[in-house]
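Visitor: So here's work.cif (mmCIF, C-alpha atoms).
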```
data_my_file
loop_
_atom_site.label_atom_id
_atom_site.label_comp_id
_atom_site.auth_asym_id
_atom_site.auth_seq_id
_atom_site.Cartn_x
_atom_site.Cartn_y
_atom_site.Cartn_z
CA MET G 2 -30.49 105.22 48.46
CA ILE G 3 -33.15 104.79 51.10
CA ALA G 4 -36.21 107.04 51.00
CA ASP G 5 -37.89 106.67 54.38
CA ASN G 6 -41.66 107.08 54.41
CA SER G 7 -42.21 105.44 57.81
CA SER G 8 -44.46 107.23 60.25
CA ASP G 9 -42.73 105.90 63.38
CA LYS G 10 -40.06 108.32 64.65
CA LYS G 11 -38.06 105.58 66.37
CA CYS G 12 -37.99 103.51 63.14
CA ARG G 13 -36.79 106.56 61.20
CA GLU G 14 -33.96 107.07 63.68
CA GLN G 15 -32.92 103.41 63.42
CA ILE G 16 -33.02 103.45 59.63
CA SER G 17 -31.06 106.71 59.50
CA THR G 18 -28.41 105.34 61.89
CA TYR G 19 -28.06 102.18 59.84
CA CYS G 20 -27.71 104.13 56.59
CA LYS G 21 -25.01 106.35 58.08
CA SER G 22 -23.06 103.34 59.35
CA GLU G 23 -23.25 101.67 55.92
CA LYS G 24 -22.64 104.91 53.96
CA ILE G 25 -26.04 104.69 52.25
CA THR G 26 -27.78 107.89 51.18
CA TYR G 27 -30.75 108.43 53.47
CA ILE G 28 -33.69 110.72 52.73
CA SER G 29 -36.30 111.33 55.38
CA LEU G 30 -39.39 111.98 53.29
CA PRO G 31 -41.79 114.72 54.31
CA ALA G 32 -45.18 113.67 55.61
CA ASN G 33 -47.75 113.24 52.88
CA PRO G 34 -51.50 113.66 53.21
CA TYR G 35 -52.37 110.02 52.48
CA THR G 36 -52.82 107.26 55.02
CA THR G 37 -53.66 104.37 52.69
CA GLY G 38 -50.81 102.29 51.35
CA SER G 39 -51.12 102.87 47.60
CA LEU G 40 -51.62 106.62 47.79
CA SER G 41 -48.94 107.15 50.42
CA HIS G 42 -46.54 104.91 48.52
CA ALA G 43 -47.16 106.73 45.23
CA ALA G 44 -46.79 110.18 46.82
CA ALA G 45 -43.44 109.09 48.31
CA ILE G 46 -42.21 107.80 44.96
CA ASN G 47 -43.32 110.97 43.18
CA TRP G 48 -41.48 113.07 45.78
CA VAL G 49 -38.24 111.07 45.33
CA LEU G 50 -38.49 111.27 41.55
CA GLN G 51 -39.17 115.01 41.42
CA ASN G 52 -36.84 116.09 44.23
CA TYR G 53 -33.92 113.71 43.92
CA ILE G 54 -33.72 111.50 40.84
CA ILE G 55 -34.28 114.12 38.14
CA TYR G 56 -31.45 116.20 39.62
CA LYS G 57 -29.03 113.26 39.75
CA HIS G 58 -29.54 112.25 36.09
CA PRO G 59 -28.68 108.60 36.71
CA ALA G 60 -28.31 106.22 33.79
CA TYR G 61 -30.97 104.04 35.41
CA PHE G 62 -33.30 104.36 38.34
CA GLY G 63 -35.91 102.24 40.01
CA PHE G 64 -38.04 101.68 43.04
CA ILE G 65 -37.94 98.60 45.26
CA ASP G 66 -40.24 98.22 48.25
CA HIS G 67 -38.57 97.76 51.61
CA ASP G 68 -39.82 94.16 51.89
CA ILE G 69 -38.36 92.89 48.58
CA PHE G 70 -34.95 91.20 48.63
CA PRO G 71 -32.66 89.74 45.95
CA ILE G 72 -31.84 86.04 46.37
CA GLU G 73 -29.13 86.06 43.69
CA PRO G 74 -26.75 88.70 42.35
CA PHE G 75 -28.66 91.13 40.15
CA SER G 76 -27.57 93.82 37.70
CA ILE G 77 -30.21 96.10 36.23
CA ASP G 78 -27.85 97.70 33.70
CA ILE G 79 -27.62 94.46 31.68
CA ILE G 80 -31.40 94.45 31.24
CA LEU G 81 -31.87 98.21 30.74
CA ASN G 82 -29.20 98.24 28.05
CA LYS G 83 -31.56 95.97 26.05
CA GLN G 84 -34.92 97.53 26.97
CA SER G 85 -36.01 100.77 28.62
CA VAL G 86 -38.11 99.32 31.49
CA PHE G 87 -38.07 96.25 33.73
CA GLY G 88 -40.18 95.17 36.66
CA LEU G 89 -43.28 93.41 37.90
CA LEU G 90 -45.83 93.39 35.11
CA GLN G 91 -49.40 94.43 35.89
CA GLN G 92 -52.23 93.89 33.38
CA ARG G 93 -55.61 95.68 33.48
CA GLU G 94 -57.75 94.84 30.47
CA GLN G 95 -55.71 95.88 27.39
CA LEU G 96 -53.34 98.14 29.37
CA TRP G 97 -50.14 97.06 31.12
CA TYR G 98 -47.65 98.78 33.38
CA LEU G 99 -45.06 98.02 36.04
CA TRP G 100 -45.97 97.93 39.71
CA ALA G 101 -44.26 100.86 41.45
CA GLY G 102 -42.87 98.64 44.23
CA PHE G 103 -40.57 96.85 41.78
CA CYS G 104 -39.81 98.86 38.65
CA PHE G 105 -36.72 100.13 36.83
CA PHE G 106 -36.25 102.66 34.03
CA ASN G 107 -33.60 103.87 31.62
CA PHE G 108 -33.49 107.55 32.63
CA SER G 109 -32.54 108.87 29.19
CA LYS G 110 -35.60 107.35 27.49
CA TYR G 111 -38.29 109.31 29.36
CA ASP G 112 -39.19 112.79 30.50
CA CYS G 113 -39.11 111.83 34.15
CA ARG G 114 -40.49 115.22 35.19
CA LYS G 115 -43.83 114.10 33.72
CA MET G 116 -43.96 110.67 35.35
CA ASP G 117 -46.72 110.13 37.91
CA PHE G 118 -46.93 107.04 40.09
CA MET G 119 -50.32 107.82 41.66
CA PRO G 120 -53.03 105.24 41.00
CA GLY G 121 -55.63 106.49 38.56
CA THR G 122 -57.81 105.92 35.56
CA VAL G 123 -56.53 105.75 31.98
CA ASN G 124 -58.97 105.28 29.11
CA GLY G 125 -61.67 104.42 31.65
CA ILE G 126 -59.57 101.63 33.24
CA ASN G 127 -58.56 101.82 36.92
CA LEU G 128 -54.82 101.29 37.26
CA GLY G 129 -52.78 100.80 40.40
CA THR G 130 -49.63 102.54 41.59
CA GLY G 131 -47.52 103.30 38.53
CA GLY G 132 -50.28 102.82 35.96
CA LYS G 133 -50.77 106.50 35.20
CA ASN G 134 -47.49 106.31 33.28
CA TRP G 135 -49.30 104.39 30.52
CA ASP G 136 -49.38 107.28 28.03
CA LEU G 137 -45.85 108.52 28.75
CA VAL G 138 -44.06 105.16 29.01
CA TYR G 139 -45.86 101.89 28.41
CA SER G 140 -48.09 102.78 25.44
CA LYS G 141 -44.92 103.37 23.40
CA LEU G 142 -43.41 99.95 24.14
CA ASN G 143 -44.05 96.54 22.63
CA ARG G 144 -44.83 94.38 25.63
CA GLU G 145 -44.15 91.18 23.68
CA GLN G 146 -40.59 92.30 22.96
CA SER G 147 -39.82 93.10 26.60
CA GLU G 148 -38.46 90.83 29.31
CA PHE G 149 -40.21 90.67 32.69
CA PRO G 150 -39.50 88.55 35.77
CA VAL G 151 -41.71 85.52 36.36
CA GLN G 152 -44.06 85.96 39.32
CA THR G 153 -45.00 83.01 41.55
CA TYR G 154 -46.21 82.54 45.14
CA LYS G 155 -45.15 80.22 47.93
CA ASN G 156 -47.27 79.52 51.01
CA LEU G 157 -45.44 79.82 54.32
CA ARG G 158 -47.82 77.41 56.02
CA GLU G 159 -50.38 74.74 55.14
CA GLY G 160 -54.07 75.27 54.52
CA ASN G 161 -56.07 78.35 53.56
CA VAL G 162 -53.55 81.17 53.98
CA ALA G 163 -53.86 84.95 53.97
CA GLN G 164 -51.66 87.10 51.75
CA SER G 165 -49.42 87.84 54.75
CA ASP G 166 -48.68 84.08 54.97
CA LYS G 167 -47.24 83.96 51.45
CA LEU G 168 -44.05 84.93 49.73
CA GLU G 169 -44.15 86.44 46.30
CA ILE G 170 -41.26 85.38 44.09
CA ILE G 171 -40.43 88.01 41.43
CA GLY G 172 -37.74 86.47 39.28
CA ASN G 173 -34.67 86.34 41.55
CA TRP G 174 -36.30 88.46 44.25
CA VAL G 175 -38.53 87.64 47.23
CA HIS G 176 -41.37 89.90 48.39
CA SER G 177 -42.54 89.24 51.95
CA PHE G 178 -45.76 91.30 51.51
CA ASN G 179 -45.91 92.35 55.13
CA GLY G 180 -42.63 94.10 55.88
CA SER G 181 -44.35 97.00 57.64
CA TYR G 182 -46.98 94.85 59.38
CA TRP G 183 -49.87 96.52 57.56
CA MET G 184 -51.77 93.21 57.46
#
```
Go through the file and emit its structure as structure tokens.

Guide:
Amino acid sequence: MIADNSSDKKCREQISTYCKSEKITYISLPANPYTTGSLSHAAAINWVLQNYIIYKHPAYFGFIDHDIFPIEPFSIDIILNKQSVFGLLQQREQLWYLWAGFCFFNFSKYDCRKMDFMPGTVNGINLGTGGKNWDLVYSKLNREQSEFPVQTYKNLREGNVAQSDKLEIIGNWVHSFNGSYWM
């Protein structure tokens, strides 16, 4: 399923046309009040969760940014049959959570109506997109008993490079960082 949060009308039309031709569910998300990446991203995820996912009752669900691609076959059900979450681990002081751009959940393990992907503060610690789910999800899990993909970076050119000149490798996935040219 593609949830389209793009602000460019022409891009939305192209994405919608592609999804129809490939028989992929397409949702044109309503405009949200945020213009910064993290807040806009989180509002889009919250909308999809509250208006689509909770009504579908899938066995598993997750969120993958538009600029992240698998480089090998991948099956989330194998992992989520062993543990209730999987994704890119984020650590802020003693708290941990999964980044909302690459996270997966076992639907039956959580009250998804209460999930909130907005960035925020928990126990006085500022957490990024997805971190506000600490109390509901992550505080109840043993991080040491969970599997997470290894995260590495690869420069696309020599010398001192900006983030947009790197690839992030997340296990068997590649994140281009700059899929929407925000850098």

Visitor: Might you pull out every residue within 8 Å of stretch 123-138 of chain G, with only C-alpha atoms counted and same-chain residues fewer than 5 positions away left off, and present them as an MDAnalysis selection string?

Guide: chainID G and resid 39:40 42:43 93:94 96:101 111 115:118

Visitor: Have a look at G:Phe64, G:Phe75, G:Tyr154, G:Phe108 and name the one nearest to G:Ile46; count only C-alpha atoms.

Guide: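 Smallest separation from G:Ile46 among the options: G:Phe64.
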
Visitor: Kindly resolve the PyMOL selection byres ((chain G and resi 157) around 6) on the present coordinates and return the residues as a VMD selection string.

Guide: chain G and resid 156 158 166 to 167

Visitor: Residues of the last selection are to be written out with C-alpha atoms, as a PDB file, in the coordinates of the input.

Guide:
```
ATOM      1  CA  ASN G 156     -47.270  79.520  51.010  1.00  0.00           C
ATOM      2  CA  ARG G 158     -47.820  77.410  56.020  1.00  0.00           C
ATOM      3  CA  ASP G 166     -48.680  84.080  54.970  1.00  0.00           C
ATOM      4  CA  LYS G 167     -47.240  83.960  51.450  1.00  0.00           C
TER       5      LYS G 167
END
```

Visitor: Please work out which residues fall within 8 Å of (-38.0, 91.9, 44.1), coordinates as given in the file, with all atoms listed in the file counting, and return them as a VMD selection string.

Guide: chain G and resid 65 to 66 69 to 71 103 170 to 176

Visitor: In Å to one decimal, how far is atom CA of G:Ile79 from atom CA of G:Glu148?

Guide: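 Distance reported for this atom pair: 11.7 Å.
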
Visitor: As a check of understanding, name the residues that the PyMOL selection byres ((chain G and resi 90) around 9) selects in the supplied structure, as a ChimeraX atom specification.

Guide: /G:87-89,91-92,97-100,104,149-152

Visitor: At a cut-off of 9 Å, using only C-alpha atoms, what residues contact G:Ser147? Leave out same-chain residues fewer than 4 positions from it and give the result as a PyMOL selection string.

Guide: chain G and resi 83-87+142-143

Visitor: Output the residue selection produced by the PyMOL selection byres ((chain G and resi 17) around 10) on the file above, formatted as an NGL selection string.

Guide: :G and (3-5 or 11-16 or 18-23 or 25-29)

Visitor: Rounded to one decimal place, report the atom CA of G:Asp112-atom CA of G:Asp68 distance in Å.

Guide: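 Atom CA of G:Asp68 lies 28.4 Å from atom CA of G:Asp112.
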
Visitor: Using atom CA of G:Ala44 and atom CA of G:Ser7 as the two end points, give the distance in Å to one decimal.

Guide: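 Computed distance, atom CA of G:Ala44 to atom CA of G:Ser7, equals 12.8 Å.
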
Visitor: Nearest residue to G:Ala32 out of G:Ile54, G:Ile80, G:Ala45, G:Met119, using all atoms listed in the file?

Guide: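 Nearest to G:Ala32: G:Ala45.
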
Visitor: What box, with edges along x, y and z, holds each listed atom of stretch 72-88 of chain G when 6 Å is added on every side, and can you state its centre and edge lengths in Å to one decimal, as JSON?

Guide:
```
{"center_x": -33.5, "center_y": 93.4, "center_z": 36.2, "size_x": 25.4, "size_y": 26.7, "size_z": 32.3}
```

Visitor: Given all atoms listed in the file as the basis, pick out the residue of G:Met2, G:Leu30, G:Cys113, G:Ile77 nearest to G:His58.

Guide: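 Nearest candidate to G:His58 out of G:Met2, G:Leu30, G:Cys113, G:Ile77: G:Cys113.
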
Visitor: From the list G:His67, G:Gly160, G:Thr37, G:Phe62, which residue is nearest G:Pro120 when using all atoms listed in the file?

Guide: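 Distance minimum relative to G:Pro120 lands on G:Thr37.
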